[in-house]
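What follows is one structure encoded as structure tokens, with my remarks underneath.
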Amino acid sequence: MRYSLLSRFQGALLGAALGDRLGFEFQKQPSHLNYGKTAIDYAEALIHWGGQNGLGLGQTNHQFSAPEKQSQSPLNQAQLMMAAEWAIATLPIALFFHDDEIKLQQTLQTLVNGQGYGGLQGGVLTSGFAIAQALQERLKPLDLIPRTIAYLQRESTPTDSDSDLITKLQQGQSLLQEGRDLHTALRVLLPTNQSRTGNRAISLALFCFLSTPEDMRLTLLRAVRCGSESRMVCALTGALAGAYNSAGGIPVEWSLSLSKPSQILDWQISGPEICYLSERLLAAWSGVYDPTISSLSHSAIAAPGIIRPR
């Protein structure tokens with residue numbers, strides 16, 4: 001295993017917060033829900049409940065400013081935009097259940113369906129699957145998208161939104177295989193004559209990440225150029241690149257820029273606090289009785305089934 005699980009947990013959460021801030025600098029657009037704070041709340045709930053008692057996720061104190069949604073009504077444009085935001089908000093769940101594909105799928109579907117946004121589950125499952133693959137060192141850049149599509153077709157209840165997402169993922173895979181640049185990707189995945197959706201942001205994030213998976217700086221600099229989607233694309237790209245390259249892959253100056261909560265927008269938490277939160281989340285995942293007093297910074301913990309040197 002190239003990197004410790006702790007470093008990957010930290011990389012994913014720091015990468016998402018960093019990407020969100022970088023993207024906001026290029027596209028100052030508010031989110032539909034406070035996904036950063038929601039992600040922190042979900043992480044705290046998982047630490048407290050240890051994944052039990054329905055995760056305690058319904059008992060968190062986050063407040064949504066999302067458009068009203070009735071379970072039987074079609075998703076409107078504003079709600080379709082939220083697929084990418086839900087993918088970021090549920091990042092701690094993807095980290096916590098990365099080694100249990102069935103539990104991860106069931107938890108994400110139950111949570112999104114319970115909020116009345118079942119039509120967005122494909123985007124959330126896509127992000128969760130990719131993060132889990134990175135943490136288990138099963139993420140192979142050349143075949144991640146085909147495997148993700150196969151996973152969605154196998155596990156997700158078909159919806160119009162899922163069909164749109166799969167189409168966008170297939171287009172993204174073709175662009176990667178042909179070695180296309182970002183300008184071409186934007187023209188294909190985000191045409192000006194079509195409305196914006198979270199699915200397009202998710203497919204663009206995968207394109208940006210998979211174009212240069214080993215170089216987090218270049219990956220994020222590409223993501224910030226995604227115009228009207230830059231904030232969501234950057235946050236998702238940062239999470240993927242951080243999980244794949246670990247916290248050590250984040251440029252030092254960018255990592256230091258997260259020292260103050262005010263610099264991470266909706267997250268309301270600083271970089272060092274995110275690192276400590278990641279440590280507690282990993283402690284809860286590993287079964288520590290009291291994650292609040294445990295220090296796993298130097299522990300030899302790896303994903304199940306992976307041999308690594310102590």
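Identifiers in the structure tokens: chain A, B, ... in order shown; residue index from 1 per chain; ligand index from 1 in order shown.
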
Test item: residues at most 8 Å from range 128-143 of chain A, only C-alpha atoms, excluding those fewer than 6 positions along its chain, as a list of chain:residue names | A:Met1, A:Leu5, A:Arg8, A:Ala87, A:Thr90, A:Leu91, A:Ile93, A:Ala94, A:Leu95, A:Phe97, A:His98, A:Asp99, A:Glu101, A:Leu104, A:Leu210, A:Pro213, A:Ala239, A:Leu240, A:Ala243, A:Tyr244, A:Ala303, A:Pro304, A:Ile306

Polymer residues at most 10 Å from Tyr151 in chain A, only C-alpha atoms, same-chain spacing of 5 or more positions, as number ranges by chain = A: 122, 125-126, 129, 145-146, 156

Could you check how far CA of Val124 in chain A sits from CA of Trp86 in chain A, in Å to one decimal?
->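 One can read the CA of Val124 in chain A to CA of Trp86 in chain A distance as 6.3 Å.
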
Students should find that CA of Trp49 in chain A and CA of Tyr276 in chain A are spaced 17.6 Å

Find the residues around range 165-169 of chain A up to 8 Å (only C-alpha atoms counted), leave out those fewer than 4 positions away in its own chain, and share them as a PyMOL selection string.
-> chain A and resi 122-123+145+149+161+173+189+199-200+203

Selected residues, N, CA, C and O atoms, written as a PDB file, in the first residue's frame, please.
```
ATOM      1  N   GLY A 122     -27.451   8.050  -8.486  1.00  0.00           N
ATOM      2  CA  GLY A 122     -26.393   7.628  -9.393  1.00  0.00           C
ATOM      3  C   GLY A 122     -25.123   8.438  -9.215  1.00  0.00           C
ATOM      4  O   GLY A 122     -24.014   7.883  -9.168  1.00  0.00           O
ATOM      5  N   GLY A 123     -25.250   9.760  -9.082  1.00  0.00           N
ATOM      6  CA  GLY A 123     -24.087  10.609  -8.897  1.00  0.00           C
ATOM      7  C   GLY A 123     -23.389  10.347  -7.572  1.00  0.00           C
ATOM      8  O   GLY A 123     -22.161  10.319  -7.495  1.00  0.00           O
ATOM      9  N   ILE A 145     -13.731   4.454 -15.177  1.00  0.00           N
ATOM     10  CA  ILE A 145     -15.053   4.831 -15.688  1.00  0.00           C
ATOM     11  C   ILE A 145     -15.836   3.616 -16.189  1.00  0.00           C
ATOM     12  O   ILE A 145     -17.019   3.458 -15.843  1.00  0.00           O
ATOM     13  N   ILE A 149     -19.424   2.537 -14.555  1.00  0.00           N
ATOM     14  CA  ILE A 149     -20.659   2.367 -15.325  1.00  0.00           C
ATOM     15  C   ILE A 149     -21.261   0.990 -15.069  1.00  0.00           C
ATOM     16  O   ILE A 149     -22.477   0.855 -14.863  1.00  0.00           O
ATOM     17  N   SER A 161     -32.074  10.479 -14.650  1.00  0.00           N
ATOM     18  CA  SER A 161     -30.832  11.118 -14.244  1.00  0.00           C
ATOM     19  C   SER A 161     -29.658  10.152 -14.349  1.00  0.00           C
ATOM     20  O   SER A 161     -28.567  10.523 -14.780  1.00  0.00           O
ATOM     21  N   GLN A 173     -15.042   8.953 -20.967  1.00  0.00           N
ATOM     22  CA  GLN A 173     -14.091   7.872 -21.247  1.00  0.00           C
ATOM     23  C   GLN A 173     -13.546   7.969 -22.668  1.00  0.00           C
ATOM     24  O   GLN A 173     -12.344   7.786 -22.894  1.00  0.00           O
ATOM     25  N   LEU A 189     -19.041  17.772 -22.740  1.00  0.00           N
ATOM     26  CA  LEU A 189     -19.717  17.450 -21.480  1.00  0.00           C
ATOM     27  C   LEU A 189     -20.550  18.602 -20.923  1.00  0.00           C
ATOM     28  O   LEU A 189     -21.448  18.378 -20.119  1.00  0.00           O
ATOM     29  N   ASN A 199     -24.630  15.955 -12.714  1.00  0.00           N
ATOM     30  CA  ASN A 199     -24.024  14.845 -13.449  1.00  0.00           C
ATOM     31  C   ASN A 199     -22.894  15.329 -14.349  1.00  0.00           C
ATOM     32  O   ASN A 199     -21.875  14.648 -14.511  1.00  0.00           O
ATOM     33  N   ARG A 200     -23.065  16.497 -14.949  1.00  0.00           N
ATOM     34  CA  ARG A 200     -22.019  17.035 -15.804  1.00  0.00           C
ATOM     35  C   ARG A 200     -20.792  17.415 -14.975  1.00  0.00           C
ATOM     36  O   ARG A 200     -19.659  17.209 -15.395  1.00  0.00           O
ATOM     37  N   SER A 203     -18.968  14.119 -14.107  1.00  0.00           N
ATOM     38  CA  SER A 203     -18.219  13.567 -15.242  1.00  0.00           C
ATOM     39  C   SER A 203     -16.997  14.421 -15.559  1.00  0.00           C
ATOM     40  O   SER A 203     -15.930  13.898 -15.902  1.00  0.00           O
TER      41      SER A 203
END
```

In range 187-221 of chain A, what's helix (DSSP H, G or I) per DSSP? Answer as an MDAnalysis selection string?
-> chainID A and resid 187:189 198:211 216:221

Counting only C-alpha atoms, which of A:Cys226, A:Arg154, A:Ile40, A:Asn113 gets nearest to Thr184 in chain A?
->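 When distances to Thr184 in chain A are compared using only C-alpha atoms, the smallest one comes from A:Cys226.
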
One-decimal distance in Å that lies between CA of Gly23 in chain A and CA of Leu277 in chain A =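 The value is 23.1 Å.
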
Excluding Val224 in chain A and residues on its chain fewer than 2 positions from it, collect all residues at most 12 Å away from it, counting only C-alpha atoms, and give them as a ChimeraX atom specification.
-> /A:18-28,182,201,204-205,208-209,217-222,226-238

Give the answer as one residue: which of A:Leu186, A:Ala223, A:Ala16, A:Ala247 has the shortest atom-to-atom distance to Ser4 in chain A, using only C-alpha atoms?
->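 Selected residue with least distance to Ser4 in chain A: A:Ala247.
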